[in-house]
file entry_3.csv (CSV, C-alpha atoms and all ligand atoms)
chain,number,residue,atom,x,y,z
A,17,MET,CA,8.1,11.0,-14.3
A,18,THR,CA,6.8,7.7,-12.8
A,19,ALA,CA,4.6,6.5,-10.0
A,20,ILE,CA,5.2,3.5,-7.6
A,21,VAL,CA,2.7,1.4,-5.8
A,22,VAL,CA,4.2,-0.7,-3.0
A,23,PHE,CA,1.9,-3.3,-1.6
A,24,GLU,CA,1.7,-6.1,0.9
A,25,SER,CA,-0.8,-8.9,0.4
A,26,MET,CA,-1.5,-12.3,2.0
A,27,PHE,CA,-4.3,-13.7,-0.2
A,28,GLY,CA,-4.0,-11.6,-3.3
A,29,GLY,CA,-6.8,-9.1,-2.5
A,30,THR,CA,-4.6,-6.1,-1.8
A,31,GLN,CA,-2.5,-7.1,-4.8
A,32,ALA,CA,-5.6,-6.9,-7.0
A,33,VAL,CA,-6.5,-3.5,-5.5
A,34,ALA,CA,-2.9,-2.3,-5.9
A,35,GLU,CA,-2.8,-3.4,-9.6
A,36,SER,CA,-6.1,-1.5,-10.2
A,37,VAL,CA,-4.8,1.7,-8.5
A,38,ALA,CA,-1.7,1.4,-10.7
A,39,ALA,CA,-3.8,0.9,-13.8
A,40,GLY,CA,-5.8,4.0,-13.0
A,41,ILE,CA,-2.7,6.1,-12.5
A,42,ALA,CA,-1.2,4.7,-15.7
A,43,SER,CA,-4.4,5.5,-17.6
A,44,CYS,CA,-3.6,9.2,-16.9
A,45,GLY,CA,-0.3,8.8,-18.8
A,46,LEU,CA,2.0,8.3,-15.8
A,47,PRO,CA,4.1,5.2,-16.1
A,48,THR,CA,3.6,3.1,-12.9
A,49,ASP,CA,5.4,0.3,-11.2
A,50,VAL,CA,3.7,-2.1,-8.9
A,51,VAL,CA,6.1,-3.6,-6.4
A,52,GLU,CA,5.4,-6.3,-3.8
A,53,VAL,CA,7.0,-5.1,-0.5
A,54,GLY,CA,9.4,-8.2,-0.3
A,55,ARG,CA,10.9,-7.0,-3.6
A,56,VAL,CA,11.7,-3.5,-2.4
A,57,VAL,CA,15.5,-3.5,-2.6
A,58,GLY,CA,17.6,-1.7,0.0
A,59,ASP,CA,21.0,-2.2,1.5
A,60,GLY,CA,19.6,-2.0,5.1
A,61,GLU,CA,21.0,1.5,5.6
A,62,ARG,CA,18.0,3.5,4.4
A,63,ALA,CA,19.2,3.3,0.9
A,64,PRO,CA,17.1,5.0,-1.9
A,65,TRP,CA,15.3,2.4,-3.8
A,66,TRP,CA,13.2,4.4,-6.2
A,67,PRO,CA,14.4,6.4,-9.2
A,68,ASP,CA,14.8,10.2,-8.8
A,69,ASP,CA,11.9,11.0,-11.1
A,70,VAL,CA,9.1,9.5,-8.9
A,71,LEU,CA,6.1,11.8,-8.8
A,72,LEU,CA,3.8,9.8,-6.6
A,73,LEU,CA,4.3,6.9,-4.1
A,74,VAL,CA,1.3,4.8,-3.1
A,75,VAL,CA,1.5,2.3,-0.3
A,76,GLY,CA,-1.2,-0.3,0.6
A,77,GLY,CA,-1.6,-3.4,2.7
A,78,PRO,CA,-4.2,-5.6,4.5
A,79,THR,CA,-5.7,-4.5,7.8
A,80,HIS,CA,-4.8,-7.0,10.4
A,81,ARG,CA,-6.1,-6.6,14.0
A,82,ARG,CA,-7.2,-3.0,13.2
A,83,GLY,CA,-3.8,-1.9,12.0
A,84,LEU,CA,-0.7,-3.0,10.0
A,85,SER,CA,0.2,-6.6,9.8
A,86,THR,CA,2.8,-7.9,12.2
A,87,GLY,CA,5.1,-10.9,12.2
A,88,GLU,CA,2.5,-12.6,14.4
A,89,THR,CA,-0.6,-11.8,12.2
A,90,ARG,CA,1.4,-12.8,9.0
A,91,ALA,CA,2.2,-16.1,10.6
A,92,SER,CA,-1.5,-16.5,11.4
A,93,ALA,CA,-2.4,-15.7,7.8
A,94,ARG,CA,0.1,-18.3,6.6
A,95,GLU,CA,-1.9,-21.0,8.4
A,96,HIS,CA,-4.6,-20.4,5.8
A,97,GLY,CA,-2.1,-21.5,3.0
A,98,GLU,CA,0.5,-19.9,0.7
A,99,VAL,CA,0.7,-16.1,0.9
A,100,VAL,CA,1.8,-13.5,-1.6
A,101,SER,CA,4.0,-11.5,0.8
A,102,ALA,CA,6.0,-14.3,2.4
A,103,LEU,CA,9.2,-12.5,3.1
A,104,THR,CA,8.3,-9.3,4.9
A,105,GLY,CA,5.6,-6.8,5.7
A,106,LEU,CA,5.0,-3.0,5.4
A,107,ASP,CA,5.7,-2.6,9.1
A,108,ARG,CA,9.3,-3.7,8.6
A,109,TRP,CA,9.8,-1.8,5.4
A,110,LEU,CA,8.3,1.5,6.7
A,111,ALA,CA,10.5,1.2,9.8
A,112,SER,CA,13.7,1.1,7.6
A,113,ALA,CA,12.6,3.3,4.7
A,114,ARG,CA,14.6,6.4,3.8
A,115,ALA,CA,12.9,9.8,4.3
A,116,VAL,CA,10.9,10.7,1.2
A,117,ARG,CA,11.3,14.6,1.5
A,118,GLU,CA,8.0,16.1,0.4
A,119,LEU,CA,7.2,13.3,-2.1
A,120,PRO,CA,3.5,13.1,-2.8
A,121,VAL,CA,2.3,10.0,-1.0
A,122,ALA,CA,-1.0,8.1,-0.5
A,123,ALA,CA,-2.1,5.1,1.6
A,124,PHE,CA,-4.7,2.5,1.3
A,125,ASP,CA,-5.7,-0.8,2.9
A,126,THR,CA,-8.1,-3.7,2.4
A,127,ALA,CA,-10.4,-4.8,5.2
A,128,TRP,CA,-13.7,-6.5,6.0
A,129,GLY,CA,-15.0,-3.0,6.6
A,130,THR,CA,-16.4,-3.3,10.1
A,131,PRO,CA,-17.8,0.1,11.0
A,132,ASP,CA,-15.8,0.4,14.3
A,133,GLY,CA,-12.6,-1.1,12.8
A,134,GLY,CA,-9.2,0.5,12.7
A,135,ALA,CA,-7.4,0.6,9.3
A,136,ALA,CA,-3.9,-0.2,8.2
A,137,SER,CA,-4.1,2.8,5.9
A,138,ALA,CA,-4.2,5.2,8.8
A,139,VAL,CA,-1.0,3.7,10.2
A,140,ILE,CA,0.7,3.7,6.8
A,141,ALA,CA,-0.3,7.4,6.3
A,142,GLU,CA,1.2,8.3,9.7
A,143,ARG,CA,4.4,6.4,8.9
A,144,LEU,CA,4.7,8.2,5.5
A,145,LEU,CA,4.2,11.6,7.1
A,146,ALA,CA,6.9,10.7,9.6
A,147,LEU,CA,9.2,10.1,6.6
A,148,HIS,CA,8.3,13.6,5.4
A,149,GLY,CA,5.9,12.5,2.7
A,150,ARG,CA,3.2,15.0,1.6
A,151,LEU,CA,-0.2,13.2,1.9
A,152,VAL,CA,-2.3,14.0,-1.2
A,153,ALA,CA,-5.5,12.2,-0.2
A,154,PRO,CA,-7.0,10.8,3.0
A,155,PRO,CA,-6.2,7.1,3.8
A,156,GLU,CA,-8.6,4.9,1.8
A,157,THR,CA,-10.1,1.5,2.6
A,158,PHE,CA,-11.2,-1.0,0.0
A,159,ARG,CA,-13.5,-3.8,1.2
A,160,VAL,CA,-12.8,-7.5,0.8
A,161,VAL,CA,-15.0,-10.5,1.1
A,162,GLY,CA,-14.1,-12.3,4.3
A,163,THR,CA,-10.5,-13.0,5.0
A,164,ALA,CA,-9.3,-14.4,1.7
A,165,GLY,CA,-12.2,-13.8,-0.7
A,166,GLY,CA,-10.7,-10.9,-2.6
A,167,PRO,CA,-12.1,-7.4,-3.3
A,168,SER,CA,-15.8,-6.9,-2.8
A,169,ALA,CA,-18.0,-6.0,-5.8
A,170,GLY,CA,-17.1,-2.7,-7.3
A,171,GLU,CA,-14.0,-2.2,-5.3
A,172,VAL,CA,-11.5,-2.9,-8.1
A,173,ASP,CA,-13.2,-0.2,-10.2
A,174,ARG,CA,-13.2,2.2,-7.3
A,175,ALA,CA,-9.5,1.6,-6.9
A,176,TRP,CA,-9.0,2.4,-10.5
A,177,GLU,CA,-10.9,5.7,-10.0
A,178,TRP,CA,-8.9,6.5,-6.9
A,179,GLY,CA,-5.7,6.0,-8.8
A,180,ARG,CA,-6.9,8.6,-11.3
A,181,HIS,CA,-7.9,10.9,-8.6
A,182,LEU,CA,-4.4,10.7,-7.0
A,183,VAL,CA,-2.9,11.8,-10.3
A,184,SER,CA,-5.2,14.9,-10.4
A,185,THR,CA,-3.7,16.0,-7.0
A,186,VAL,CA,-0.1,16.0,-8.3
A,187,ARG,CA,-0.6,17.6,-11.7
B,201,LIG,C1,-4.7,-12.1,11.2
B,201,LIG,C2,-5.7,-11.3,10.5
B,201,LIG,C3,-6.3,-10.3,11.2
B,201,LIG,C4,-7.3,-9.5,10.5
B,201,LIG,N1,-7.9,-8.4,11.2
B,201,LIG,C5,-8.8,-7.6,10.6
B,201,LIG,C6,-9.3,-6.5,11.2
B,201,LIG,O1,-9.0,-6.2,12.4
B,201,LIG,N2,-10.3,-5.7,10.6
B,201,LIG,C7,-10.7,-6.0,9.3
B,201,LIG,O2,-11.5,-5.3,8.8
B,201,LIG,N3,-10.1,-7.1,8.6
B,201,LIG,C8,-9.2,-7.9,9.2
B,201,LIG,N4,-8.7,-9.0,8.6
B,201,LIG,C9,-9.1,-9.3,7.2
B,201,LIG,C10,-8.0,-8.7,6.2
B,201,LIG,O3,-8.2,-7.3,6.2
B,201,LIG,C11,-8.2,-9.4,4.9
B,201,LIG,O4,-7.7,-10.7,5.0
B,201,LIG,C12,-7.3,-8.7,3.8
B,201,LIG,O5,-7.9,-7.4,3.5
B,201,LIG,C13,-7.2,-9.5,2.6
B,201,LIG,O6,-6.2,-8.9,1.8
B,201,LIG,P1,-5.1,-9.8,1.2
B,201,LIG,O7,-5.8,-10.8,0.3
B,201,LIG,O8,-4.2,-8.9,0.4
B,201,LIG,O9,-4.3,-10.4,2.3
B,201,LIG,C14,-7.7,-9.8,9.2
B,201,LIG,C15,-7.1,-10.9,8.5
B,201,LIG,C16,-6.1,-11.6,9.2
B,201,LIG,C17,-5.5,-12.8,8.4
call {"tool": "encode", "arguments": {"input": "entry_3.csv", "output": "structure tokens"}}
result
Amino acid sequence: MTAIVVFESMFGGTQAVAESVAAGIASCGLPTDVVEVGRVVGDGERAPWWPDDVLLLVVGGPTHRRGLSTGETRASAREHGEVVSALTGLDRWLASARAVRELPVAAFDTAWGTPDGGAASAVIAERLLALHGRLVAPPETFRVVGTAGGPSAGEVDRAWEWGRHLVSTVR
């Protein structure tokens, strides 16, 4: 059995969190792939892209304008410089993804963490539920420093622990 962590990231913060979540999962003995959303292969017809033996799918991206990034917010991010996810975003992938049929799923985002802010993870969780995923944990937000400053102190460690927690819900 394996786990897959799919992420979108502009400035590398969400990538760092995704890699730590994956390391936490893997530390429980579950082999884990970390996949940037632009590398998720499909034939455009809701093709399966993960192996049959996936036990857990985790999806995470940056919060943009209180939700998922859009073509417009990604263009705005590119004005800051080179970005990690230059090809596509989770919004486009989730809109075309095949139903996941009761697969255990979890969603996270990275954000400044403003108290009244919306979160991309809530939208990701909704989309995964619509694809018939089984949510194993509430959507989780990991805080970053400013727009491009990477995860806040302690958040990479918390992501590792969260990954371990996810495994405990599926075993
Ligand atoms: C266009 C844009 C809109 C953003 N909107 C929000 C927001 O509404 N709330 C928030 O907390 N952070 C917001 N942020 C900050 C991002 O969440 C932050 O840049 C991201 O978590 C960094 O992750 P990354 O390095 O993987 O891109 C925004 C960033 C950009 C570029």
call {"tool": "residues_around", "arguments": {"input": "entry_3.csv", "residues": "range 44-47 of chain A", "least_positions_apart": "2", "cutoff": "10 Å", "atoms": "only C-alpha atoms", "output": "list of chain:residue names"}}
result
A:Met17, A:Thr18, A:Ala19, A:Ile20, A:Ala38, A:Ala39, A:Gly40, A:Ile41, A:Ala42, A:Asp49, A:Val70, A:Leu71, A:Leu72, A:Gly179, A:Arg180, A:His181, A:Val183, A:Ser184
call {"tool": "residues_around", "arguments": {"input": "entry_3.csv", "residues": "Leu84 in chain A", "least_positions_apart": "3", "cutoff": "8 Å", "atoms": "all atoms listed in the file", "output": "PyMOL selection string"}}
result
chain A and resi 77-81+106-107+135-137+139-140
call {"tool": "axis_aligned_box", "arguments": {"input": "entry_3.csv", "around": "range 22-39 of chain A", "padding_each_side": "3 Å", "output": "lines of an AutoDock Vina configuration file"}}
result
center_x = -1.3
center_y = -6.0
center_z = -5.9
size_x = 17.0
size_y = 21.4
size_z = 21.8
call {"tool": "residues_near_ligand", "arguments": {"input": "entry_3.csv", "ligand": "ligand LIG 201 (chain B)", "cutoff": "6 Å", "atoms": "only C-alpha atoms and all ligand atoms", "output": "count of residues only"}}
result
25
call {"tool": "closest_residue", "arguments": {"input": "entry_3.csv", "among": "A:Gly134, A:Gly76, A:Pro120, A:Gly165", "to": "Gly149 in chain A", "atoms": "all atoms listed in the file"}}
result
A:Pro120
call {"tool": "closest_residue", "arguments": {"input": "entry_3.csv", "among": "A:Asp125, A:Glu118, A:Asp69, A:Glu95", "to": "Ala175 in chain A", "atoms": "only C-alpha atoms"}}
result
A:Asp125
call {"tool": "closest_residue", "arguments": {"input": "entry_3.csv", "among": "A:Val75, A:Val53, A:Glu35, A:Trp176", "to": "Ala141 in chain A", "atoms": "all atoms listed in the file"}}
result
A:Val75
call {"tool": "atom_distance", "arguments": {"input": "entry_3.csv", "atom1": "CA of Glu142 in chain A", "atom2": "CA of Asp173 in chain A"}}
result
26.0 Å
call {"tool": "atom_distance", "arguments": {"input": "entry_3.csv", "atom1": "CA of Phe23 in chain A", "atom2": "CA of Val74 in chain A"}}
result
8.3 Å
call {"tool": "closest_residue", "arguments": {"input": "entry_3.csv", "among": "A:Trp178, A:Ala115, A:His96, A:Val51", "to": "His148 in chain A", "atoms": "only C-alpha atoms"}}
result
A:Ala115
call {"tool": "atom_distance", "arguments": {"input": "entry_3.csv", "atom1": "CA of Val172 in chain A", "atom2": "CA of Ser43 in chain A"}}
result
14.5 Å
call {"tool": "residues_around", "arguments": {"input": "entry_3.csv", "residues": "Gly54 in chain A", "least_positions_apart": "3", "cutoff": "10 Å", "atoms": "all atoms listed in the file", "output": "MDAnalysis selection string"}}
result
chainID A and resid 22:24 51 57 100:106 108:109
call {"tool": "closest_residue", "arguments": {"input": "entry_3.csv", "among": "A:Leu144, A:Val161, A:Ala153, A:Ala91", "to": "Ala113 in chain A", "atoms": "all atoms listed in the file"}}
result
A:Leu144
call {"tool": "closest_residue", "arguments": {"input": "entry_3.csv", "among": "A:Pro131, A:Pro155, A:Gly162, A:Pro167", "to": "Ala34 in chain A", "atoms": "all atoms listed in the file"}}
result
A:Pro167
